[in-house]
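*Asks:* For reference, the file my_file_29.cif (mmCIF, C-alpha atoms and all ligand atoms) is included below:
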```cif
data_input
#
loop_
_atom_site.label_atom_id
_atom_site.label_comp_id
_atom_site.auth_asym_id
_atom_site.auth_seq_id
_atom_site.Cartn_x
_atom_site.Cartn_y
_atom_site.Cartn_z
CA MET E 1 25.67 52.49 -21.86
CA LYS E 2 22.29 51.95 -23.43
CA ASN E 3 22.89 48.20 -23.41
CA GLU E 4 23.90 48.33 -19.77
CA ASP E 5 20.63 50.07 -18.88
CA THR E 6 18.59 47.52 -20.78
CA LYS E 7 20.40 44.71 -19.02
CA ILE E 8 19.79 46.20 -15.59
CA VAL E 9 16.08 46.66 -16.33
CA SER E 10 15.66 43.15 -17.69
CA GLU E 11 17.39 41.62 -14.67
CA LYS E 12 14.94 43.39 -12.42
CA LEU E 13 11.89 42.10 -14.26
CA PRO E 14 10.17 39.28 -12.43
CA HIS E 15 10.49 35.94 -14.15
CA LEU E 16 9.31 32.41 -13.59
CA PHE E 17 12.26 31.60 -11.33
CA SER E 18 12.39 34.72 -9.23
CA PRO E 19 10.91 34.81 -5.71
CA LEU E 20 7.39 36.01 -5.01
CA GLN E 21 5.75 37.28 -1.86
CA LEU E 22 2.32 35.63 -1.91
CA GLY E 23 0.42 37.19 0.99
CA GLU E 24 2.28 36.04 4.08
CA VAL E 25 4.19 33.33 2.25
CA LYS E 26 7.46 33.77 0.40
CA LEU E 27 7.79 31.54 -2.66
CA ALA E 28 11.18 30.76 -4.21
CA HIS E 29 9.75 30.53 -7.73
CA ARG E 30 6.48 31.04 -9.60
CA VAL E 31 5.74 27.61 -11.07
CA VAL E 32 2.63 26.56 -9.14
CA MET E 33 1.05 23.11 -9.18
CA ALA E 34 -2.61 23.65 -10.13
CA PRO E 35 -5.38 21.91 -8.20
CA LEU E 36 -5.96 18.51 -9.85
CA THR E 37 -8.70 16.06 -8.97
CA ARG E 38 -7.33 12.51 -9.25
CA MET E 39 -9.99 10.45 -7.42
CA ARG E 40 -7.54 8.19 -5.61
CA SER E 41 -8.31 8.55 -1.91
CA ALA E 42 -8.68 5.45 0.30
CA GLN E 43 -12.13 3.90 0.52
CA PRO E 44 -14.32 3.95 2.45
CA GLY E 45 -14.00 7.41 3.98
CA ASN E 46 -12.29 9.42 1.19
CA VAL E 47 -9.04 9.53 3.15
CA PRO E 48 -5.66 10.61 1.68
CA GLN E 49 -3.39 7.55 1.61
CA ASP E 50 0.23 6.55 0.98
CA MET E 51 0.14 6.86 -2.82
CA ASN E 52 -1.24 10.39 -2.43
CA VAL E 53 1.65 11.23 -0.07
CA GLU E 54 4.11 9.91 -2.66
CA TYR E 55 2.44 11.86 -5.51
CA TYR E 56 2.54 15.23 -3.74
CA SER E 57 6.02 14.60 -2.37
CA GLN E 58 7.30 13.90 -5.90
CA ARG E 59 5.95 17.28 -7.03
CA ALA E 60 7.18 19.36 -4.07
CA THR E 61 10.06 21.78 -4.56
CA ASN E 62 11.91 24.00 -2.16
CA GLY E 63 9.80 27.16 -1.87
CA GLY E 64 7.34 26.03 -4.58
CA LEU E 65 3.55 26.21 -4.13
CA ILE E 66 1.29 23.18 -4.52
CA ILE E 67 -2.47 23.68 -4.48
CA THR E 68 -4.11 20.35 -3.62
CA GLU E 69 -6.84 18.68 -5.59
CA ALA E 70 -10.30 20.03 -4.74
CA THR E 71 -11.32 18.62 -1.35
CA GLN E 72 -14.91 18.41 -0.11
CA ILE E 73 -15.72 20.44 2.98
CA SER E 74 -18.60 18.12 3.90
CA PRO E 75 -20.17 14.85 2.71
CA GLN E 76 -22.74 16.93 0.82
CA GLY E 77 -19.94 18.77 -1.02
CA GLN E 78 -18.78 15.61 -2.83
CA GLY E 79 -19.48 15.16 -6.52
CA TYR E 80 -17.16 12.37 -7.69
CA PRO E 81 -16.15 9.00 -6.22
CA ALA E 82 -12.92 8.81 -4.18
CA THR E 83 -12.23 12.53 -4.00
CA PRO E 84 -10.73 13.36 -0.58
CA GLY E 85 -12.50 15.28 2.16
CA ILE E 86 -11.42 17.50 5.07
CA HIS E 87 -14.36 16.90 7.40
CA SER E 88 -13.35 13.75 9.36
CA ALA E 89 -10.53 12.99 11.82
CA GLU E 90 -9.15 10.30 9.47
CA GLN E 91 -9.03 12.74 6.56
CA ILE E 92 -7.21 15.35 8.67
CA ALA E 93 -4.67 12.70 9.71
CA GLY E 94 -4.28 11.57 6.08
CA TRP E 95 -3.69 15.12 4.87
CA GLN E 96 -1.20 15.68 7.68
CA LYS E 97 1.04 12.99 6.15
CA VAL E 98 0.82 14.70 2.74
CA VAL E 99 1.63 18.09 4.27
CA ASN E 100 4.59 16.70 6.23
CA ALA E 101 6.06 15.11 3.12
CA VAL E 102 5.77 18.37 1.16
CA HIS E 103 7.24 20.36 4.06
CA ASP E 104 10.15 17.92 4.28
CA LYS E 105 11.12 19.08 0.80
CA GLY E 106 10.73 22.76 1.74
CA GLY E 107 7.48 23.03 -0.23
CA VAL E 108 4.41 25.17 0.45
CA ILE E 109 0.97 23.54 0.24
CA TYR E 110 -2.51 25.04 0.17
CA LEU E 111 -5.72 23.01 0.41
CA GLN E 112 -8.46 23.72 -2.15
CA LEU E 113 -11.85 23.92 -0.36
CA TRP E 114 -14.70 22.50 -2.42
CA HIS E 115 -18.46 22.13 -2.44
CA VAL E 116 -19.73 20.88 -5.80
CA GLY E 117 -23.37 22.00 -5.40
CA ARG E 118 -25.40 20.62 -8.30
CA ILE E 119 -22.43 18.76 -9.87
CA SER E 120 -23.15 15.65 -7.82
CA HIS E 121 -25.48 12.66 -7.92
CA SER E 122 -27.91 11.28 -5.35
CA SER E 123 -25.84 8.08 -5.10
CA LEU E 124 -23.02 10.19 -3.58
CA GLN E 125 -25.31 11.99 -1.13
CA ALA E 126 -26.41 10.88 2.34
CA ASN E 127 -29.64 8.84 2.17
CA GLY E 128 -29.78 9.23 -1.61
CA ALA E 129 -30.78 12.91 -1.30
CA LEU E 130 -30.74 15.17 -4.34
CA PRO E 131 -27.69 17.41 -4.85
CA VAL E 132 -28.24 21.03 -3.75
CA ALA E 133 -27.76 24.32 -5.60
CA PRO E 134 -28.81 27.98 -5.43
CA SER E 135 -31.71 27.14 -7.77
CA ALA E 136 -33.29 24.01 -9.22
CA VAL E 137 -31.46 24.27 -12.55
CA ARG E 138 -30.30 20.96 -14.02
CA PRO E 139 -26.88 20.99 -15.70
CA SER E 140 -26.64 19.45 -19.13
CA GLY E 141 -24.30 16.48 -19.31
CA ASP E 142 -23.52 13.53 -17.11
CA ALA E 143 -22.85 13.03 -13.42
CA TYR E 144 -20.56 10.44 -11.85
CA THR E 145 -22.37 7.91 -9.66
CA SER E 146 -20.79 6.53 -6.47
CA ASP E 147 -19.72 3.42 -8.39
CA GLY E 148 -18.13 5.40 -11.21
CA ARG E 149 -20.84 5.17 -13.87
CA MET E 150 -21.93 8.20 -15.91
CA VAL E 151 -25.64 9.08 -15.87
CA PRO E 152 -27.53 12.27 -16.79
CA PHE E 153 -27.47 14.98 -14.11
CA GLU E 154 -30.51 15.23 -11.83
CA THR E 155 -32.36 18.48 -11.15
CA PRO E 156 -30.86 19.78 -7.88
CA ARG E 157 -32.89 20.99 -4.93
CA ALA E 158 -32.75 24.75 -4.26
CA LEU E 159 -31.14 25.55 -0.90
CA GLU E 160 -33.18 27.09 1.92
CA ARG E 161 -31.76 30.25 3.46
CA GLN E 162 -30.90 28.50 6.71
CA GLU E 163 -29.02 25.77 4.86
CA ILE E 164 -26.83 28.36 3.16
CA LEU E 165 -25.67 29.61 6.56
CA SER E 166 -24.91 26.06 7.57
CA ILE E 167 -22.77 25.51 4.45
CA VAL E 168 -20.82 28.70 5.25
CA ASP E 169 -20.20 27.12 8.66
CA ASP E 170 -18.96 23.94 6.94
CA TYR E 171 -16.38 26.08 5.10
CA LYS E 172 -15.26 27.52 8.44
CA ILE E 173 -14.87 24.08 10.00
CA ALA E 174 -13.04 22.78 6.93
CA ALA E 175 -10.68 25.78 7.10
CA GLN E 176 -10.00 24.96 10.76
CA ASN E 177 -9.41 21.32 9.85
CA ALA E 178 -6.91 22.41 7.20
CA GLN E 179 -5.03 24.25 9.94
CA LYS E 180 -5.07 21.13 12.10
CA ALA E 181 -3.56 19.18 9.20
CA GLY E 182 -0.71 21.71 9.00
CA PHE E 183 -1.44 23.31 5.62
CA ASP E 184 0.19 26.67 4.84
CA GLY E 185 -3.08 28.18 3.63
CA VAL E 186 -6.28 27.47 1.72
CA GLU E 187 -7.76 28.26 -1.67
CA ILE E 188 -11.53 28.67 -1.99
CA HIS E 189 -12.70 26.89 -5.15
CA GLY E 190 -14.89 29.51 -6.79
CA ALA E 191 -14.28 28.29 -10.35
CA ASN E 192 -15.48 25.72 -12.89
CA GLY E 193 -19.20 25.61 -12.14
CA TYR E 194 -19.20 24.37 -8.54
CA LEU E 195 -21.27 25.81 -5.68
CA VAL E 196 -19.61 29.24 -5.27
CA ASP E 197 -19.67 29.75 -9.04
CA GLN E 198 -23.30 28.56 -9.18
CA PHE E 199 -24.23 31.37 -6.78
CA LEU E 200 -22.21 33.94 -8.72
CA ARG E 201 -23.56 33.41 -12.23
CA ASP E 202 -27.07 34.15 -13.43
CA LYS E 203 -27.36 31.00 -15.57
CA THR E 204 -27.50 28.95 -12.35
CA ASN E 205 -28.69 31.47 -9.76
CA LEU E 206 -32.36 32.37 -10.27
CA ARG E 207 -33.01 33.27 -6.64
CA THR E 208 -35.07 36.29 -5.71
CA ASP E 209 -33.96 36.52 -2.07
CA GLU E 210 -30.81 38.25 -0.78
CA TYR E 211 -28.62 35.58 -2.45
CA GLY E 212 -29.90 36.22 -5.98
CA SER E 213 -30.68 38.73 -8.75
CA SER E 214 -28.34 41.72 -8.30
CA LEU E 215 -24.54 41.44 -8.52
CA GLU E 216 -24.36 42.30 -4.82
CA ASN E 217 -26.74 39.50 -3.92
CA ARG E 218 -25.13 36.87 -6.14
CA THR E 219 -21.74 37.71 -4.61
CA ARG E 220 -23.09 37.40 -1.06
CA PHE E 221 -22.42 33.67 -0.66
CA LEU E 222 -18.81 34.04 -1.85
CA ILE E 223 -18.26 36.96 0.53
CA GLU E 224 -19.72 35.05 3.47
CA VAL E 225 -17.55 32.02 2.69
CA ALA E 226 -14.44 34.18 2.25
CA GLN E 227 -15.13 36.07 5.49
CA ALA E 228 -15.53 32.80 7.39
CA VAL E 229 -12.30 31.39 5.97
CA VAL E 230 -10.34 34.63 6.48
CA LYS E 231 -11.46 34.66 10.10
CA VAL E 232 -9.70 31.31 10.55
CA TRP E 233 -6.57 31.92 8.47
CA GLY E 234 -6.17 35.68 8.04
CA GLY E 235 -6.36 37.08 4.49
CA GLY E 236 -2.62 36.60 3.90
CA ARG E 237 -3.06 32.83 3.70
CA VAL E 238 -6.26 32.64 1.67
CA GLY E 239 -6.65 32.58 -2.11
CA LEU E 240 -9.68 32.32 -4.39
CA ARG E 241 -9.94 30.54 -7.73
CA LEU E 242 -12.32 31.95 -10.36
CA SER E 243 -13.05 31.10 -13.99
CA PRO E 244 -14.87 34.24 -15.16
CA PHE E 245 -15.46 33.18 -18.75
CA GLY E 246 -15.41 29.40 -18.43
CA SER E 247 -18.40 27.36 -19.52
CA PHE E 248 -17.30 24.02 -18.03
CA ASN E 249 -20.18 22.34 -16.14
CA ASP E 250 -22.75 24.18 -18.26
CA MET E 251 -22.00 27.65 -16.87
CA GLY E 252 -22.54 31.16 -18.17
CA ASP E 253 -23.44 34.68 -17.15
CA SER E 254 -25.04 37.59 -18.96
CA GLN E 255 -22.48 40.16 -17.71
CA PRO E 256 -19.32 38.30 -16.73
CA MET E 257 -16.98 41.28 -16.73
CA GLU E 258 -19.19 43.32 -14.39
CA LEU E 259 -19.89 40.34 -12.13
CA PHE E 260 -16.31 39.22 -11.68
CA SER E 261 -14.93 42.76 -11.37
CA HIS E 262 -17.36 43.25 -8.52
CA ALA E 263 -16.40 39.92 -6.90
CA VAL E 264 -12.65 40.53 -7.22
CA GLY E 265 -13.05 44.02 -5.74
CA LYS E 266 -14.82 42.53 -2.72
CA MET E 267 -11.99 40.03 -2.23
CA ALA E 268 -9.46 42.86 -2.30
CA ALA E 269 -11.36 44.47 0.57
CA LEU E 270 -11.01 41.22 2.56
CA GLY E 271 -7.24 41.25 2.04
CA LEU E 272 -6.93 37.93 0.21
CA ALA E 273 -3.38 36.89 -0.70
CA TYR E 274 -4.19 36.01 -4.28
CA ILE E 275 -6.79 35.52 -6.97
CA HIS E 276 -6.25 32.48 -9.17
CA LEU E 277 -7.75 33.03 -12.61
CA VAL E 278 -8.49 30.27 -15.09
CA GLU E 279 -8.13 31.35 -18.71
CA PRO E 280 -11.18 30.39 -20.79
CA ARG E 281 -10.75 27.63 -23.33
CA GLN E 282 -12.09 28.31 -26.78
CA ASP E 283 -12.99 24.66 -27.26
CA GLU E 284 -15.29 24.30 -24.25
CA SER E 285 -17.73 27.06 -25.02
CA PRO E 286 -20.64 25.85 -27.11
CA GLY E 287 -23.23 28.61 -27.23
CA PHE E 288 -21.17 30.98 -25.12
CA ASP E 289 -18.95 33.59 -26.67
CA THR E 290 -15.63 33.61 -24.88
CA SER E 291 -13.81 34.70 -28.03
CA ARG E 292 -14.18 38.31 -27.00
CA TRP E 293 -12.16 37.60 -23.87
CA ALA E 294 -10.15 34.55 -24.75
CA SER E 295 -7.34 36.47 -26.37
CA THR E 296 -6.94 38.72 -23.33
CA PRO E 297 -5.00 37.30 -20.38
CA MET E 298 -7.36 37.18 -17.39
CA GLY E 299 -4.83 38.97 -15.18
CA THR E 300 -4.95 42.12 -17.30
CA LEU E 301 -8.74 42.29 -16.97
CA PHE E 302 -8.80 42.20 -13.17
CA ARG E 303 -5.38 43.50 -12.08
CA ASP E 304 -6.67 46.99 -11.28
CA LYS E 305 -9.37 45.58 -8.96
CA PHE E 306 -6.97 43.63 -6.77
CA SER E 307 -3.78 44.58 -4.96
CA GLY E 308 -2.67 41.04 -4.04
CA ALA E 309 -1.03 38.51 -6.35
CA ILE E 310 -2.57 37.07 -9.51
CA ILE E 311 -2.02 33.44 -10.40
CA ALA E 312 -3.05 32.49 -13.93
CA ALA E 313 -3.77 28.98 -15.22
CA GLY E 314 -4.90 27.27 -18.38
CA GLY E 315 -2.89 26.16 -21.37
CA TYR E 316 0.43 27.70 -20.34
CA THR E 317 3.77 26.44 -21.63
CA GLY E 318 7.11 27.36 -20.09
CA GLU E 319 7.51 30.00 -22.76
CA SER E 320 4.07 31.60 -22.49
CA ALA E 321 4.35 31.49 -18.69
CA GLU E 322 7.64 33.35 -18.85
CA SER E 323 6.13 36.03 -21.14
CA ALA E 324 3.04 36.42 -18.94
CA ILE E 325 5.23 37.00 -15.89
CA ALA E 326 7.57 39.36 -17.73
CA ALA E 327 4.59 41.38 -19.00
CA GLU E 328 3.17 41.33 -15.44
CA HIS E 329 -0.09 39.82 -16.65
CA ALA E 330 0.33 37.38 -13.77
CA ASP E 331 2.64 36.98 -10.78
CA ALA E 332 2.72 33.18 -10.91
CA ILE E 333 1.51 30.49 -13.30
CA ALA E 334 -0.28 27.30 -12.29
CA PHE E 335 0.29 24.22 -14.45
CA GLY E 336 -2.21 21.38 -14.50
CA ARG E 337 -1.82 18.60 -17.03
CA ASN E 338 1.92 19.07 -17.41
CA PHE E 339 2.36 18.72 -13.65
CA ILE E 340 0.45 15.44 -13.78
CA ALA E 341 2.95 14.03 -16.27
CA ASN E 342 6.09 15.75 -14.97
CA PRO E 343 6.76 15.34 -11.27
CA ASP E 344 9.82 17.58 -11.67
CA LEU E 345 8.13 20.21 -13.85
CA PRO E 346 9.89 23.29 -12.33
CA LYS E 347 13.27 21.69 -12.93
CA ARG E 348 12.36 20.81 -16.52
CA LEU E 349 11.08 24.32 -17.25
CA ALA E 350 14.20 25.87 -15.73
CA ALA E 351 16.36 23.64 -17.91
CA GLY E 352 14.22 24.03 -21.03
CA ALA E 353 14.01 20.21 -21.01
CA GLU E 354 11.49 18.09 -22.86
CA LEU E 355 8.24 17.26 -21.07
CA ASN E 356 6.63 13.84 -20.60
CA ARG E 357 3.24 13.57 -22.28
CA TYR E 358 0.21 13.10 -20.08
CA HIS E 359 -2.21 10.20 -20.41
CA ARG E 360 -5.84 11.24 -20.11
CA ASP E 361 -7.16 7.74 -19.39
CA SER E 362 -5.44 7.72 -15.99
CA PHE E 363 -6.42 11.26 -14.91
CA TYR E 364 -9.39 10.16 -12.81
CA GLY E 365 -9.28 7.17 -10.49
CA GLY E 366 -7.14 4.06 -10.53
CA THR E 367 -3.82 3.06 -9.07
CA GLU E 368 -0.22 4.30 -9.04
CA LYS E 369 -0.23 3.82 -12.82
CA GLY E 370 -0.43 7.21 -14.50
CA TYR E 371 -0.11 8.77 -11.03
CA THR E 372 3.25 8.25 -9.35
CA ASP E 373 5.07 6.43 -12.18
CA TYR E 374 5.79 9.33 -14.57
CA PRO E 375 9.58 9.47 -15.00
CA PHE E 376 11.82 12.18 -13.61
CA LEU E 377 14.30 13.94 -15.84
CA ALA E 378 17.45 11.92 -16.29
CA GLN E 379 20.47 13.47 -14.63
CA VAL E 380 21.45 15.73 -17.51
CA VAL E 381 20.70 19.02 -15.79
CA PRO E 382 23.53 21.20 -14.49
CA VAL E 383 24.24 20.92 -10.78
CA GLU E 384 23.15 24.50 -9.99
CA ASP E 385 19.54 23.52 -10.78
CA LYS E 386 19.64 21.09 -7.87
CA LYS E 387 17.59 23.44 -5.72
CA PHE E 388 14.49 22.17 -7.51
C1 LIG W 401 -7.39 15.87 -14.32
C2 LIG W 401 -7.75 17.27 -13.98
C3 LIG W 401 -8.30 17.56 -12.74
C4 LIG W 401 -8.60 18.88 -12.38
N1 LIG W 401 -9.06 19.14 -11.11
C5 LIG W 401 -9.25 20.42 -10.71
C6 LIG W 401 -9.59 20.70 -9.36
O1 LIG W 401 -9.69 19.82 -8.50
N2 LIG W 401 -9.78 22.01 -9.02
C7 LIG W 401 -9.65 23.02 -9.94
O2 LIG W 401 -9.84 24.20 -9.59
N3 LIG W 401 -9.31 22.78 -11.22
C8 LIG W 401 -9.07 21.50 -11.61
N4 LIG W 401 -8.66 21.25 -12.90
C9 LIG W 401 -8.28 22.37 -13.77
C10 LIG W 401 -6.76 22.62 -13.65
O3 LIG W 401 -6.42 23.12 -12.37
C11 LIG W 401 -6.25 23.63 -14.71
O4 LIG W 401 -6.90 24.86 -14.54
C12 LIG W 401 -6.47 23.10 -16.12
O5 LIG W 401 -5.95 21.79 -16.25
C13 LIG W 401 -5.82 24.00 -17.16
O6 LIG W 401 -4.44 24.08 -16.95
P1 LIG W 401 -3.38 23.26 -17.89
O7 LIG W 401 -3.63 23.71 -19.29
O8 LIG W 401 -2.04 23.68 -17.36
O9 LIG W 401 -3.66 21.80 -17.69
C14 LIG W 401 -8.39 19.94 -13.30
C15 LIG W 401 -7.89 19.64 -14.57
C16 LIG W 401 -7.56 18.34 -14.91
C17 LIG W 401 -6.96 18.06 -16.26
#
```
Before anything else, please render the file you have as structure tokens.
Ligand SMILES: Cc1cc2nc3c(=O)[nH]c(=O)nc-3n(C[C@H](O)[C@H](O)[C@H](O)COP(=O)(O)O)c2cc1C
*Replies:*
Amino acid sequence: MKNEDTKIVSEKLPHLFSPLQLGEVKLAHRVVMAPLTRMRSAQPGNVPQDMNVEYYSQRATNGGLIITEATQISPQGQGYPATPGIHSAEQIAGWQKVVNAVHDKGGVIYLQLWHVGRISHSSLQANGALPVAPSAVRPSGDAYTSDGRMVPFETPRALERQEILSIVDDYKIAAQNAQKAGFDGVEIHGANGYLVDQFLRDKTNLRTDEYGSSLENRTRFLIEVAQAVVKVWGGGRVGLRLSPFGSFNDMGDSQPMELFSHAVGKMAALGLAYIHLVEPRQDESPGFDTSRWASTPMGTLFRDKFSGAIIAAGGYTGESAESAIAAEHADAIAFGRNFIANPDLPKRLAAGAELNRYHRDSFYGGTEKGYTDYPFLAQVVPVEDKKF
């Protein structure tokens, strides 16, 4: 009898291959494709092209969620060569082909909305203008130039108040364009040191107006962006990605737990479908102590602030993903590098099959090589797994 009970309980526990209600969207399983910049859009114009259609189509599964690579909301929002945009008619038409291909396989696809702020270079900006940011704080490290060279970052220009309102409007237009392209929803990129994150954290936001200083003020830009996007899509089809303890792109904050608890609470009030949390990596944190948090799954830190779903990402394997779901630390797990190398990742995880290894040298830019030529699992998987 005791065994029976245990069995019933364990069958009811959510696991990686059980369905999930994500806001208004029902997913058939919880293996999410993480947003992955690949710098392979058609030039000129940063337009999604045939090889991008093939890449996303290969990775689509029936009822599985794909979050696209970060996509600039405006020319100013671009920080790397050949990343796609969602601000021109050609780009909308290009994305529409990607969306149709994913939908043909029964997949669900969200567009990640991106403004890089200071993580750009004047060669990528109109008329060679300086990149913009909340404050004129230069990141350490190197920027990509328009022709793919690496040069030290420039000191960005601090945004005027009026310009901030105009960027919020760019997010709204980009959200509308995503609807025109047929996406199922959008994810606001608030992680990894780009513009939203630059407003949130006090290492990059030194403003003294209503967009800086207090937690309330530093969260204002995010809230205005989220409100604008929710107005277009409704909260049930909007997610937000955050990396509360990440230091990538020279980021940091003096009180991360307080800041991000506040921000997540505000997103709950807007009715967002999900928060997508990036686990900090121990190896990317020179001078910034993530060790205090790194052993704690992000979901557990913010779960009580948010009633929607939590997606977690960063260093997950099939096994650790399964445990995180079973322990309810997260409702779904996003996979990055393993999805690059394994077009049929959900199927492989379901079968416990071996994974292809990824090749770093073809992550950013290039051709179909290292993009659409990773092999699928040979036909050794039982027929019932065909649904993937
Ligand atoms: C090549 C590459 C490109 C990435 N591009 C993005 C991006 O466009 N937007 C984003 O939020 N994160 C991006 N990331 C971070 C991934 O979404 C993910 O959080 C990270 O790879 C950790 O997950 P993993 O250990 O499963 O790879 C990128 C990571 C890699 C390796």
*Asks:* If you measure from atom CA of E:Ala326 to atom CA of E:Lys26, what distance in Å do you get, rounded to one decimal?
*Replies:* 19.0 Å
*Asks:* May I ask which of the residues E:Thr37, E:Ser57, E:Ser120, E:Ser88 is the closest one to ligand LIG 401 (chain W), counting all atoms listed in the file?
*Replies:*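 That would be E:Thr37, the residue with the smallest distance to ligand LIG 401 (chain W).
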*Asks:* Please write out the residues within 8 Å of ligand LIG 401 (chain W) as a PyMOL selection string, counting all atoms listed in the file.
*Replies:* chain E and resi 34-38+68-71+112+189-192+241+278-279+313-317+334-340+360+363-364
*Asks:* Between atom CA of E:Val47 and atom CA of E:Gln125, what is the spacing in Å?
*Replies:*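 About the pair atom CA of E:Gln125 and atom CA of E:Val47: they are 17.0 Å apart.
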*Asks:* Around all listed atoms of stretch 328-342 of chain E, padded 8 Å per side, what centre and edge lengths does the axis-aligned box have in Å to one decimal, as lines of an AutoDock Vina configuration file?
*Replies:*
```
center_x = 1.9
center_y = 27.7
center_z = -14.1
size_x = 24.3
size_y = 43.3
size_z = 22.6
```
*Asks:* Would you list the contacts of E:Ser18 as a ChimeraX atom specification, taking every protein, DNA or RNA residue within 12 Å and counting only C-alpha atoms, but skipping same-chain residues closer than 5 positions in sequence?
*Replies:* /E:11-13,26-31,63-64,322,325-326,331-332,350
*Asks:* Mind giving me the straight-line distance from atom CA of E:Val230 to atom CA of E:Leu16 in Å, one decimal?
*Replies:* 28.2 Å
*Asks:* Ranking E:Ile86, E:Met251, E:Ala158, E:Val196 by minimum distance to E:Lys180 and counting only C-alpha atoms, which one comes first?
*Replies:*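 Using only C-alpha atoms, the shortest distance to E:Lys180 belongs to E:Ile86.
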*Asks:* Between E:Leu165, E:Met33, E:Ala181, E:Ala273, which residue has the minimum interatomic distance to E:Ser307, considering all atoms listed in the file?
*Replies:* E:Ala273
*Asks:* So, with all atoms listed in the file as the atoms that count, which of E:Gly265, E:Pro343, E:Gly236, E:Gly352 lies closest to E:Tyr55?
*Replies:* E:Pro343
*Asks:* Scan for residues within 8 Å of the point (-28.2, 32.9, -18.3) in the coordinates of the file, using all atoms listed in the file, and reply as a list in words.
*Replies:*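 Here the neighbourhood of the point contains Arg201, Asp202, Lys203, Thr204, Gly252, Asp253 and Ser254 of chain E.
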*Asks:* Do you know which residues are at most 8 Å from E:Ala178 counting all atoms listed in the file, after dropping those on the same chain fewer than 6 positions away, and could you put them as a PDB file with C-alpha atoms, in the frame of the given file?
*Replies:*
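What ended up in part-v2.pdb:
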```pdb
ATOM      1  CA  ILE E  86     -11.420  17.500   5.070  1.00  0.00           C
ATOM      2  CA  ILE E  92      -7.210  15.350   8.670  1.00  0.00           C
ATOM      3  CA  LEU E 111      -5.720  23.010   0.410  1.00  0.00           C
ATOM      4  CA  GLY E 185      -3.080  28.180   3.630  1.00  0.00           C
ATOM      5  CA  VAL E 186      -6.280  27.470   1.720  1.00  0.00           C
TER       6      VAL E 186
END
```
*Asks:* Counting only C-alpha atoms, note down every residue that has an atom within 7 Å of the point (-4.7, 2.8, -5.5) (file coordinates), as a list in words.
*Replies:* Arg40, Met51, Gly366, Thr367 and Glu368 of chain E
*Asks:* Considering all atoms listed in the file, state which residue in the set E:Ala330, E:Ile67, E:Ala133, E:Val229 is at the smallest distance from E:Leu206.
*Replies:*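 Checking each candidate against E:Leu206, we get E:Ala133 as the closest.
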*Asks:* Which of these residues is nearest to E:Leu20, using only C-alpha atoms: E:Ile173, E:Val168, E:Ala309, E:Leu377?
*Replies:* E:Ala309
*Asks:* List the spatial neighbours of E:Pro152 as JSON, numbers by chain - criterion: any atom at most 12 Å away, all atoms listed in the file, same-chain residues fewer than 5 positions off excluded.
*Replies:* {"E": [119, 120, 121, 122, 138, 139, 140, 141, 142, 143, 144, 145]}
